[in-house]
Number of protein chains: 2
Amino acid sequence: MKLLTRDTDYAIRAVTCIAANHGEIHNVGELTGKLDIPRPFLRKIMQIMQHNGILESIRGKTGGFRLVADPSKISVLNLIEIFQGPFQMDQHIFKKKVCPRVKICVLKKKLDKIEASVKKELNTITMTSLIENKKK
Amino acid sequence: MKLLTRDTDYAIRAVTCIAANHGEIHNVGELTGKLDIPRPFLRKIMQIMQHNGILESIRGKTGGFRLVADPSKISVLNLIEIFQGPFQMDQHIFKKKVCPRVKICVLKKKLDKIEASVKKELNTITMTSLIENKKK
DNA sequence: GACAAATGATACCAAGATGGTATCATTATA
DNA sequence: TATAATGATACCATCTTGGTATCATTTGTC
(Lines give C-alpha, C1' and ligand atoms only; values in the text may rest on other atoms or scores of the structure.)
Protein backbone atom coordinates (compact mmCIF):
# COMPACT_ATOMS: atom_id res chain seq x y z
CA MET A 1 0.00 0.00 0.00
CA LYS A 2 2.20 2.74 -1.29
CA LEU A 3 1.42 6.14 0.12
CA LEU A 4 3.23 7.86 -2.72
CA THR A 5 3.35 6.67 -6.29
CA ARG A 6 6.31 7.45 -8.47
CA ASP A 7 4.84 10.56 -10.02
CA THR A 8 3.95 12.03 -6.66
CA ASP A 9 7.42 11.26 -5.41
CA TYR A 10 8.98 12.96 -8.44
CA ALA A 11 6.60 15.87 -8.15
CA ILE A 12 7.64 16.49 -4.56
CA ARG A 13 11.28 16.48 -5.56
CA ALA A 14 10.69 18.84 -8.43
CA VAL A 15 8.58 21.29 -6.47
CA THR A 16 10.93 21.43 -3.52
CA CYS A 17 13.83 21.91 -5.86
CA ILE A 18 12.09 24.75 -7.67
CA ALA A 19 10.89 26.25 -4.41
CA ALA A 20 14.47 26.39 -3.18
CA ASN A 21 15.03 29.07 -5.83
CA HIS A 22 11.66 30.66 -5.71
CA GLY A 23 10.82 33.01 -8.57
CA GLU A 24 13.34 31.61 -11.00
CA ILE A 25 12.47 29.76 -14.15
CA HIS A 26 13.55 26.14 -14.31
CA ASN A 27 13.37 24.04 -17.43
CA VAL A 28 12.92 20.32 -17.60
CA GLY A 29 16.40 19.67 -18.91
CA GLU A 30 17.94 21.31 -15.88
CA LEU A 31 15.71 19.48 -13.42
CA THR A 32 16.25 16.16 -15.16
CA GLY A 33 19.94 16.45 -14.45
CA LYS A 34 19.49 17.52 -10.86
CA LEU A 35 16.82 15.05 -9.89
CA ASP A 36 17.65 11.96 -11.90
CA ILE A 37 14.16 11.60 -13.31
CA PRO A 38 13.52 10.42 -16.89
CA ARG A 39 13.06 13.54 -18.95
CA PRO A 40 9.81 12.82 -20.82
CA PHE A 41 8.20 11.54 -17.65
CA LEU A 42 9.18 14.65 -15.77
CA ARG A 43 7.75 16.78 -18.56
CA LYS A 44 4.41 15.09 -18.16
CA ILE A 45 4.51 15.58 -14.42
CA MET A 46 5.36 19.25 -14.77
CA GLN A 47 2.50 19.77 -17.18
CA ILE A 48 0.09 18.17 -14.76
CA MET A 49 1.25 20.46 -12.00
CA GLN A 50 0.81 23.39 -14.32
CA HIS A 51 -2.78 22.33 -15.01
CA ASN A 52 -3.33 22.15 -11.29
CA GLY A 53 -2.15 25.60 -10.38
CA ILE A 54 1.12 24.60 -8.76
CA LEU A 55 3.37 25.73 -11.58
CA GLU A 56 3.19 28.29 -14.33
CA SER A 57 4.77 27.61 -17.68
CA ILE A 58 6.72 29.92 -19.92
CA ARG A 59 6.90 28.79 -23.52
CA GLY A 60 9.52 29.53 -26.10
CA LYS A 61 13.24 29.17 -26.30
CA THR A 62 14.12 30.40 -22.82
CA GLY A 63 10.99 28.98 -21.31
CA GLY A 64 10.43 26.63 -18.43
CA PHE A 65 8.39 26.43 -15.27
CA ARG A 66 8.03 28.72 -12.30
CA LEU A 67 6.35 28.14 -8.99
CA VAL A 68 3.05 29.95 -8.87
CA ALA A 69 1.60 28.61 -5.64
CA ASP A 70 2.94 29.51 -2.21
CA PRO A 71 5.32 26.70 -1.24
CA SER A 72 4.26 26.98 2.38
CA LYS A 73 0.75 26.15 1.23
CA ILE A 74 1.55 23.20 -0.98
CA SER A 75 1.41 20.04 1.08
CA VAL A 76 2.31 16.47 0.30
CA LEU A 77 -1.40 15.76 0.56
CA ASN A 78 -2.10 18.26 -2.23
CA LEU A 79 0.36 16.55 -4.55
CA ILE A 80 -0.94 13.11 -3.66
CA GLU A 81 -4.45 14.18 -4.57
CA ILE A 82 -3.29 15.68 -7.84
CA PHE A 83 -1.49 12.54 -8.97
CA GLN A 84 -3.38 9.81 -7.21
CA GLY A 85 -6.87 11.18 -6.91
CA PRO A 86 -8.91 11.81 -3.77
CA PHE A 87 -7.22 10.44 -0.70
CA GLN A 88 -9.10 7.46 0.62
CA MET A 89 -7.58 4.38 2.15
CA ASP A 90 -10.66 2.29 2.86
CA GLN A 91 -12.37 2.01 -0.47
CA HIS A 92 -14.95 -0.68 -1.10
CA ILE A 93 -14.71 -2.22 2.34
CA PHE A 94 -17.63 -4.39 3.24
CA LYS A 95 -19.91 -3.05 0.59
CA LYS A 96 -21.67 -6.34 0.15
CA LYS A 97 -23.51 -8.37 2.73
CA VAL A 98 -21.53 -9.85 5.59
CA CYS A 99 -22.02 -12.54 8.14
CA PRO A 100 -24.73 -11.10 10.43
CA ARG A 101 -22.80 -11.35 13.64
CA VAL A 102 -19.94 -9.23 12.45
CA LYS A 103 -19.77 -5.58 13.41
CA ILE A 104 -18.72 -4.11 10.13
CA CYS A 105 -19.29 -0.61 11.43
CA VAL A 106 -16.50 -1.01 13.95
CA LEU A 107 -13.90 -1.75 11.31
CA LYS A 108 -15.17 0.96 9.01
CA LYS A 109 -15.07 3.51 11.80
CA LYS A 110 -11.59 2.59 12.90
CA LEU A 111 -10.26 2.71 9.37
CA ASP A 112 -11.94 6.04 8.78
CA LYS A 113 -10.30 7.37 11.89
CA ILE A 114 -6.88 6.18 10.76
CA GLU A 115 -7.45 7.70 7.36
CA ALA A 116 -8.39 11.05 8.84
CA SER A 117 -5.30 11.17 10.99
CA VAL A 118 -2.98 10.23 8.15
CA LYS A 119 -4.61 12.84 5.96
CA LYS A 120 -4.13 15.46 8.61
CA GLU A 121 -0.48 14.57 9.04
CA LEU A 122 0.20 14.62 5.32
CA ASN A 123 -1.36 18.03 5.12
CA THR A 124 1.12 19.43 7.58
CA ILE A 125 4.10 18.42 5.45
CA THR A 126 4.54 21.48 3.27
CA MET A 127 7.10 22.09 0.58
CA THR A 128 8.73 24.80 2.67
CA SER A 129 9.19 22.36 5.49
CA LEU A 130 11.28 20.22 3.15
CA ILE A 131 13.70 22.91 2.09
CA GLU A 132 16.95 23.63 3.88
CA ASN A 133 16.85 26.92 5.74
CA LYS A 134 20.55 27.52 5.96
CA LYS A 135 21.92 29.30 2.92
CA LYS A 136 24.31 26.97 1.13
CA MET B 1 -3.63 3.84 -1.84
CA LYS B 2 -5.84 1.08 -0.61
CA LEU B 3 -5.15 -0.05 2.92
CA LEU B 4 -6.90 -3.38 2.33
CA THR B 5 -6.91 -5.28 -0.90
CA ARG B 6 -9.81 -7.50 -1.82
CA ASP B 7 -8.29 -10.69 -0.46
CA THR B 8 -7.51 -9.10 2.88
CA ASP B 9 -11.03 -7.72 3.04
CA TYR B 10 -12.50 -11.14 2.28
CA ALA B 11 -10.15 -12.80 4.74
CA ILE B 12 -11.30 -10.51 7.54
CA ARG B 13 -14.91 -11.33 6.78
CA ALA B 14 -14.24 -15.03 6.70
CA VAL B 15 -12.21 -15.12 9.88
CA THR B 16 -14.65 -13.02 11.87
CA CYS B 17 -17.48 -15.18 10.64
CA ILE B 18 -15.68 -18.35 11.62
CA ALA B 19 -14.60 -16.87 14.92
CA ALA B 20 -18.21 -16.13 15.76
CA ASN B 21 -18.71 -19.89 16.02
CA HIS B 22 -15.32 -20.76 17.37
CA GLY B 23 -14.40 -24.43 17.31
CA GLU B 24 -16.84 -25.41 14.59
CA ILE B 25 -15.86 -26.55 11.13
CA HIS B 26 -16.93 -24.32 8.28
CA ASN B 27 -16.62 -25.30 4.66
CA VAL B 28 -16.16 -22.96 1.76
CA GLY B 29 -19.60 -23.63 0.32
CA GLU B 30 -21.26 -22.44 3.50
CA LEU B 31 -19.10 -19.32 3.79
CA THR B 32 -19.57 -18.48 0.14
CA GLY B 33 -23.28 -18.23 0.73
CA LYS B 34 -22.98 -16.20 3.92
CA LEU B 35 -20.32 -13.79 2.74
CA ASP B 36 -21.05 -13.31 -0.92
CA ILE B 37 -17.52 -14.05 -2.06
CA PRO B 38 -16.75 -15.98 -5.29
CA ARG B 39 -16.21 -19.57 -4.26
CA PRO B 40 -12.90 -20.40 -5.96
CA PHE B 41 -11.40 -17.13 -4.80
CA LEU B 42 -12.46 -17.79 -1.24
CA ARG B 43 -10.95 -21.26 -1.43
CA LYS B 44 -7.62 -19.77 -2.38
CA ILE B 45 -7.84 -17.28 0.45
CA MET B 46 -8.69 -19.97 2.98
CA GLN B 47 -5.76 -22.05 1.86
CA ILE B 48 -3.42 -19.13 2.30
CA MET B 49 -4.68 -18.59 5.82
CA GLN B 50 -4.16 -22.24 6.52
CA HIS B 51 -0.57 -21.98 5.35
CA ASN B 52 -0.13 -19.05 7.69
CA GLY B 53 -1.36 -20.67 10.85
CA ILE B 54 -4.68 -18.85 11.07
CA LEU B 55 -6.84 -21.77 10.03
CA GLU B 56 -6.57 -25.51 10.17
CA SER B 57 -8.03 -27.62 7.41
CA ILE B 58 -9.91 -30.87 7.65
CA ARG B 59 -9.95 -32.84 4.41
CA GLY B 60 -12.45 -35.34 3.19
CA LYS B 61 -16.19 -35.32 2.72
CA THR B 62 -17.20 -33.55 5.91
CA GLY B 63 -14.12 -31.41 5.92
CA GLY B 64 -13.65 -27.69 6.03
CA PHE B 65 -11.73 -25.12 8.01
CA ARG B 66 -11.47 -24.38 11.68
CA LEU B 67 -9.91 -21.45 13.47
CA VAL B 68 -6.63 -22.48 15.02
CA ALA B 69 -5.28 -19.13 16.13
CA ASP B 70 -6.75 -17.16 19.03
CA PRO B 71 -9.15 -14.64 17.47
CA SER B 72 -8.19 -12.07 20.09
CA LYS B 73 -4.64 -12.33 18.80
CA ILE B 74 -5.38 -12.07 15.09
CA SER B 75 -5.27 -8.45 14.06
CA VAL B 76 -6.13 -6.71 10.83
CA LEU B 77 -2.42 -5.99 10.54
CA ASN B 78 -1.66 -9.72 10.63
CA LEU B 79 -4.03 -10.39 7.77
CA ILE B 80 -2.73 -7.45 5.77
CA GLU B 81 0.79 -8.76 6.07
CA ILE B 82 -0.26 -12.24 5.03
CA PHE B 83 -2.02 -11.06 1.89
CA GLN B 84 -0.17 -7.91 1.03
CA GLY B 85 3.30 -8.53 2.34
CA PRO B 86 5.25 -6.56 4.94
CA PHE B 87 3.47 -3.37 5.87
CA GLN B 88 5.34 -0.40 4.48
CA MET B 89 3.81 2.74 3.11
CA ASP B 90 6.93 4.62 2.04
CA GLN B 91 8.68 2.28 -0.30
CA HIS B 92 11.29 3.56 -2.72
CA ILE B 93 11.04 7.16 -1.60
CA PHE B 94 13.98 9.24 -2.55
CA LYS B 95 16.27 6.35 -3.22
CA LYS B 96 18.09 8.20 -5.93
CA LYS B 97 19.89 11.51 -5.70
CA VAL B 98 17.89 14.62 -5.00
CA CYS B 99 18.35 18.34 -5.33
CA PRO B 100 21.00 19.09 -2.67
CA ARG B 101 19.03 21.71 -0.80
CA VAL B 102 16.13 19.40 -0.09
CA LYS B 103 15.88 17.77 3.29
CA ILE B 104 14.90 14.32 2.21
CA CYS B 105 15.35 13.04 5.71
CA VAL B 106 12.49 15.19 6.97
CA LEU B 107 9.99 13.65 4.60
CA LYS B 108 11.26 10.16 5.20
CA LYS B 109 11.04 10.61 8.94
CA LYS B 110 7.55 12.03 8.86
CA LEU B 111 6.31 9.26 6.62
CA ASP B 112 7.95 6.68 8.83
CA LYS B 113 6.21 8.17 11.81
CA ILE B 114 2.86 8.05 10.07
CA GLU B 115 3.51 4.48 9.04
CA ALA B 116 4.36 3.45 12.56
CA SER B 117 1.21 4.96 13.99
CA VAL B 118 -1.02 3.39 11.35
CA LYS B 119 0.63 0.05 11.94
CA LYS B 120 0.05 0.35 15.64
CA GLU B 121 -3.60 1.21 15.17
CA LEU B 122 -4.16 -1.67 12.77
CA ASN B 123 -2.63 -4.02 15.26
CA THR B 124 -5.21 -3.12 17.87
CA ILE B 125 -8.09 -4.14 15.63
CA THR B 126 -8.48 -7.79 16.51
CA MET B 127 -10.95 -10.28 15.14
CA THR B 128 -12.67 -10.51 18.52
CA SER B 129 -13.21 -6.78 18.51
CA LEU B 130 -15.20 -7.18 15.31
CA ILE B 131 -17.60 -9.81 16.59
CA GLU B 132 -20.92 -8.99 18.23
CA ASN B 133 -20.91 -9.76 21.92
CA LYS B 134 -24.60 -10.13 22.44
CA LYS B 135 -25.85 -13.64 21.77
CA LYS B 136 -28.13 -13.60 18.71
C1' DG C 1 -15.03 -50.76 -2.72
C1' DA C 2 -17.15 -46.95 -5.06
C1' DC C 3 -18.98 -42.50 -4.99
C1' DA C 4 -19.44 -37.94 -3.37
C1' DA C 5 -17.78 -33.94 -1.43
C1' DA C 6 -14.46 -31.66 0.74
C1' DT C 7 -9.48 -29.52 0.42
C1' DG C 8 -4.38 -29.25 -1.96
C1' DA C 9 -1.73 -27.53 -5.45
C1' DT C 10 -1.13 -24.98 -9.50
C1' DA C 11 -1.68 -22.86 -13.72
C1' DC C 12 -3.95 -19.66 -16.21
C1' DC C 13 -6.17 -15.22 -17.52
C1' DA C 14 -8.47 -10.50 -18.27
C1' DA C 15 -8.57 -5.80 -16.93
C1' DG C 16 -6.62 -1.90 -14.90
C1' DA C 17 -2.76 0.68 -12.86
C1' DT C 18 1.97 2.02 -13.10
C1' DG C 19 5.83 3.95 -15.14
C1' DG C 20 7.16 5.30 -18.60
C1' DT C 21 8.28 6.68 -24.28
C1' DA C 22 7.37 8.94 -28.75
C1' DT C 23 5.59 12.29 -31.78
C1' DC C 24 4.04 16.31 -33.63
C1' DA C 25 2.35 21.03 -32.94
C1' DT C 26 3.09 25.54 -31.03
C1' DT C 27 5.52 29.40 -29.05
C1' DA C 28 9.23 32.59 -28.46
C1' DT C 29 14.04 34.00 -28.40
C1' DA C 30 18.40 34.86 -30.72
C1' DT D 1 14.77 31.41 -39.69
C1' DA D 2 16.78 28.01 -36.73
C1' DT D 3 16.61 26.48 -32.18
C1' DA D 4 14.93 25.20 -27.93
C1' DA D 5 11.54 25.30 -24.88
C1' DT D 6 6.47 23.61 -23.62
C1' DG D 7 1.41 21.64 -25.18
C1' DA D 8 -1.17 17.87 -26.28
C1' DT D 9 -1.73 13.13 -27.06
C1' DA D 10 -1.14 8.56 -28.18
C1' DC D 11 1.12 4.61 -27.31
C1' DC D 12 3.25 0.71 -24.77
C1' DA D 13 5.40 -2.90 -21.66
C1' DT D 14 5.21 -4.72 -17.17
C1' DC D 15 3.08 -5.61 -12.78
C1' DT D 16 -0.77 -6.12 -9.74
C1' DT D 17 -5.38 -7.32 -8.80
C1' DG D 18 -9.10 -10.21 -8.76
C1' DG D 19 -10.29 -13.72 -10.06
C1' DT D 20 -11.22 -18.90 -12.82
C1' DA D 21 -10.12 -23.72 -14.05
C1' DT D 22 -8.26 -28.16 -13.47
C1' DC D 23 -6.68 -32.16 -11.61
C1' DA D 24 -5.04 -34.72 -7.59
C1' DT D 25 -5.84 -36.29 -2.93
C1' DT D 26 -8.34 -37.29 1.20
C1' DT D 27 -12.21 -39.13 3.78
C1' DG D 28 -17.05 -40.13 5.25
C1' DT D 29 -21.11 -42.79 3.68
C1' DC D 30 -23.68 -46.32 1.17
# chains A, B, ... in the order shown; residues from 1 in each chain; ligands from 1
$ interface_residues --of "chain C" --to "chain A" --cutoff "9 Å" --atoms "only C-alpha atoms (C1' of nucleotides)" --output "VMD selection string"
chain C and resid 18 to 21 27 to 30
$ interface_residues --of "chain D" --to "chain B" --cutoff "7 Å" --atoms "only C-alpha atoms (C1' of nucleotides)" --output "MDAnalysis selection string"
chainID D and resid 19 26:28
$ residues_around --residues "region 87-90 of chain A" --least-positions-apart "3" --cutoff "12 Å" --atoms "only C-alpha atoms (C1' of nucleotides)" --output "PyMOL selection string"
(chain A and resi 1-4+76-84+93-95+107-120+122-123) or (chain B and resi 1-6+8-9+89+118)
$ atom_distance --atom1 "CA of Arg13 (chain B)" --atom2 "CA of Pro86 (chain A)"
26.1 Å
$ select_by_dssp --residues "region 4-113 of chain A" --states "helix (DSSP H, G or I)" --output "PyMOL selection string"
chain A and resi 6-20+28-35+39-51+76-84+104-113
$ closest_residue --among "B:Leu35, B:Met127, B:Ile18, B:Ile12" --to "chain A" --atoms "only C-alpha atoms"
B:Leu35
$ closest_residue --among "B:Ala11, B:Ile25, B:Ile45, B:Ala20" --to "chain A" --atoms "only C-alpha atoms"
B:Ala20
$ atom_distance --atom1 "C1' of DC24 (chain C)" --atom2 "C1' of DT3 (chain D)"
16.2 Å
$ closest_residue --among "B:Phe65, B:Thr32, B:Met46, B:Ser72" --to "Ile131 (chain B)" --atoms "only C-alpha atoms"
B:Ser72
$ residues_around --residues "DG8 (chain C)" --least-positions-apart "5" --cutoff "9 Å" --atoms "only C-alpha atoms (C1' of nucleotides)" --output "list in words"
Gln47 of chain B; DA24 and DT25 of chain D
$ atom_distance --atom1 "C1' of DT10 (chain C)" --atom2 "C1' of DC23 (chain D)"
9.3 Å
$ residues_around --residues "Glu56 (chain B)" --least-positions-apart "6" --cutoff "6 Å" --atoms "only C-alpha atoms (C1' of nucleotides)" --output "PDB file with N, CA and C atoms, in the first residue's frame"
ATOM      1  N   GLN B  50      -4.566 -20.978   5.916  1.00  0.00           N
ATOM      2  CA  GLN B  50      -4.158 -22.244   6.519  1.00  0.00           C
ATOM      3  C   GLN B  50      -2.636 -22.360   6.528  1.00  0.00           C
ATOM      4  N   PHE B  65     -12.786 -25.849   7.290  1.00  0.00           N
ATOM      5  CA  PHE B  65     -11.733 -25.117   8.010  1.00  0.00           C
ATOM      6  C   PHE B  65     -12.178 -24.777   9.423  1.00  0.00           C
ATOM      7  N   ARG B  66     -11.199 -24.723  10.297  1.00  0.00           N
ATOM      8  CA  ARG B  66     -11.466 -24.377  11.680  1.00  0.00           C
ATOM      9  C   ARG B  66     -10.433 -23.353  12.112  1.00  0.00           C
ATOM     10  N   VAL B  68      -7.637 -21.862  14.164  1.00  0.00           N
ATOM     11  CA  VAL B  68      -6.630 -22.480  15.017  1.00  0.00           C
ATOM     12  C   VAL B  68      -5.908 -21.431  15.863  1.00  0.00           C
TER      13      VAL B  68
END
$ select_by_dssp --residues "region 7-130 of chain A" --states "strand (DSSP E or B)" --output "JSON, numbers by chain"
{"A": [26, 55, 56, 57, 58, 64, 65, 66, 67, 75, 102, 126]}
$ write_last_selection --atoms "N, CA and C atoms" --output "PDB file, in the first residue's frame"
ATOM      1  N   HIS A  26      12.770  27.369 -14.184  1.00  0.00           N
ATOM      2  CA  HIS A  26      13.550  26.138 -14.306  1.00  0.00           C
ATOM      3  C   HIS A  26      13.011  25.341 -15.485  1.00  0.00           C
ATOM      4  N   LEU A  55       2.334  25.089 -10.772  1.00  0.00           N
ATOM      5  CA  LEU A  55       3.367  25.734 -11.577  1.00  0.00           C
ATOM      6  C   LEU A  55       2.741  26.602 -12.655  1.00  0.00           C
ATOM      7  N   GLU A  56       3.566  27.457 -13.203  1.00  0.00           N
ATOM      8  CA  GLU A  56       3.187  28.293 -14.325  1.00  0.00           C
ATOM      9  C   GLU A  56       4.214  27.979 -15.394  1.00  0.00           C
ATOM     10  N   SER A  57       3.795  27.948 -16.653  1.00  0.00           N
ATOM     11  CA  SER A  57       4.774  27.614 -17.678  1.00  0.00           C
ATOM     12  C   SER A  57       5.069  28.812 -18.566  1.00  0.00           C
ATOM     13  N   ILE A  58       6.313  28.880 -18.991  1.00  0.00           N
ATOM     14  CA  ILE A  58       6.725  29.924 -19.916  1.00  0.00           C
ATOM     15  C   ILE A  58       7.198  29.212 -21.186  1.00  0.00           C
ATOM     16  N   GLY A  64      10.265  27.566 -19.536  1.00  0.00           N
ATOM     17  CA  GLY A  64      10.430  26.631 -18.430  1.00  0.00           C
ATOM     18  C   GLY A  64       9.248  26.733 -17.491  1.00  0.00           C
ATOM     19  N   PHE A  65       9.467  26.376 -16.249  1.00  0.00           N
ATOM     20  CA  PHE A  65       8.393  26.432 -15.269  1.00  0.00           C
ATOM     21  C   PHE A  65       8.801  27.278 -14.075  1.00  0.00           C
ATOM     22  N   ARG A  66       7.796  27.897 -13.476  1.00  0.00           N
ATOM     23  CA  ARG A  66       8.026  28.715 -12.302  1.00  0.00           C
ATOM     24  C   ARG A  66       6.951  28.360 -11.288  1.00  0.00           C
ATOM     25  N   LEU A  67       7.312  28.430 -10.041  1.00  0.00           N
ATOM     26  CA  LEU A  67       6.349  28.144  -8.991  1.00  0.00           C
ATOM     27  C   LEU A  67       5.327  29.270  -8.937  1.00  0.00           C
ATOM     28  N   SER A  75       1.074  21.152   0.189  1.00  0.00           N
ATOM     29  CA  SER A  75       1.410  20.039   1.076  1.00  0.00           C
ATOM     30  C   SER A  75       1.582  18.760   0.282  1.00  0.00           C
ATOM     31  N   VAL A 102     -21.158 -10.021  12.511  1.00  0.00           N
ATOM     32  CA  VAL A 102     -19.941  -9.232  12.445  1.00  0.00           C
ATOM     33  C   VAL A 102     -20.251  -7.734  12.441  1.00  0.00           C
ATOM     34  N   THR A 126       4.553  20.535   4.380  1.00  0.00           N
ATOM     35  CA  THR A 126       4.542  21.479   3.268  1.00  0.00           C
ATOM     36  C   THR A 126       5.867  21.450   2.535  1.00  0.00           C
TER      37      THR A 126
END
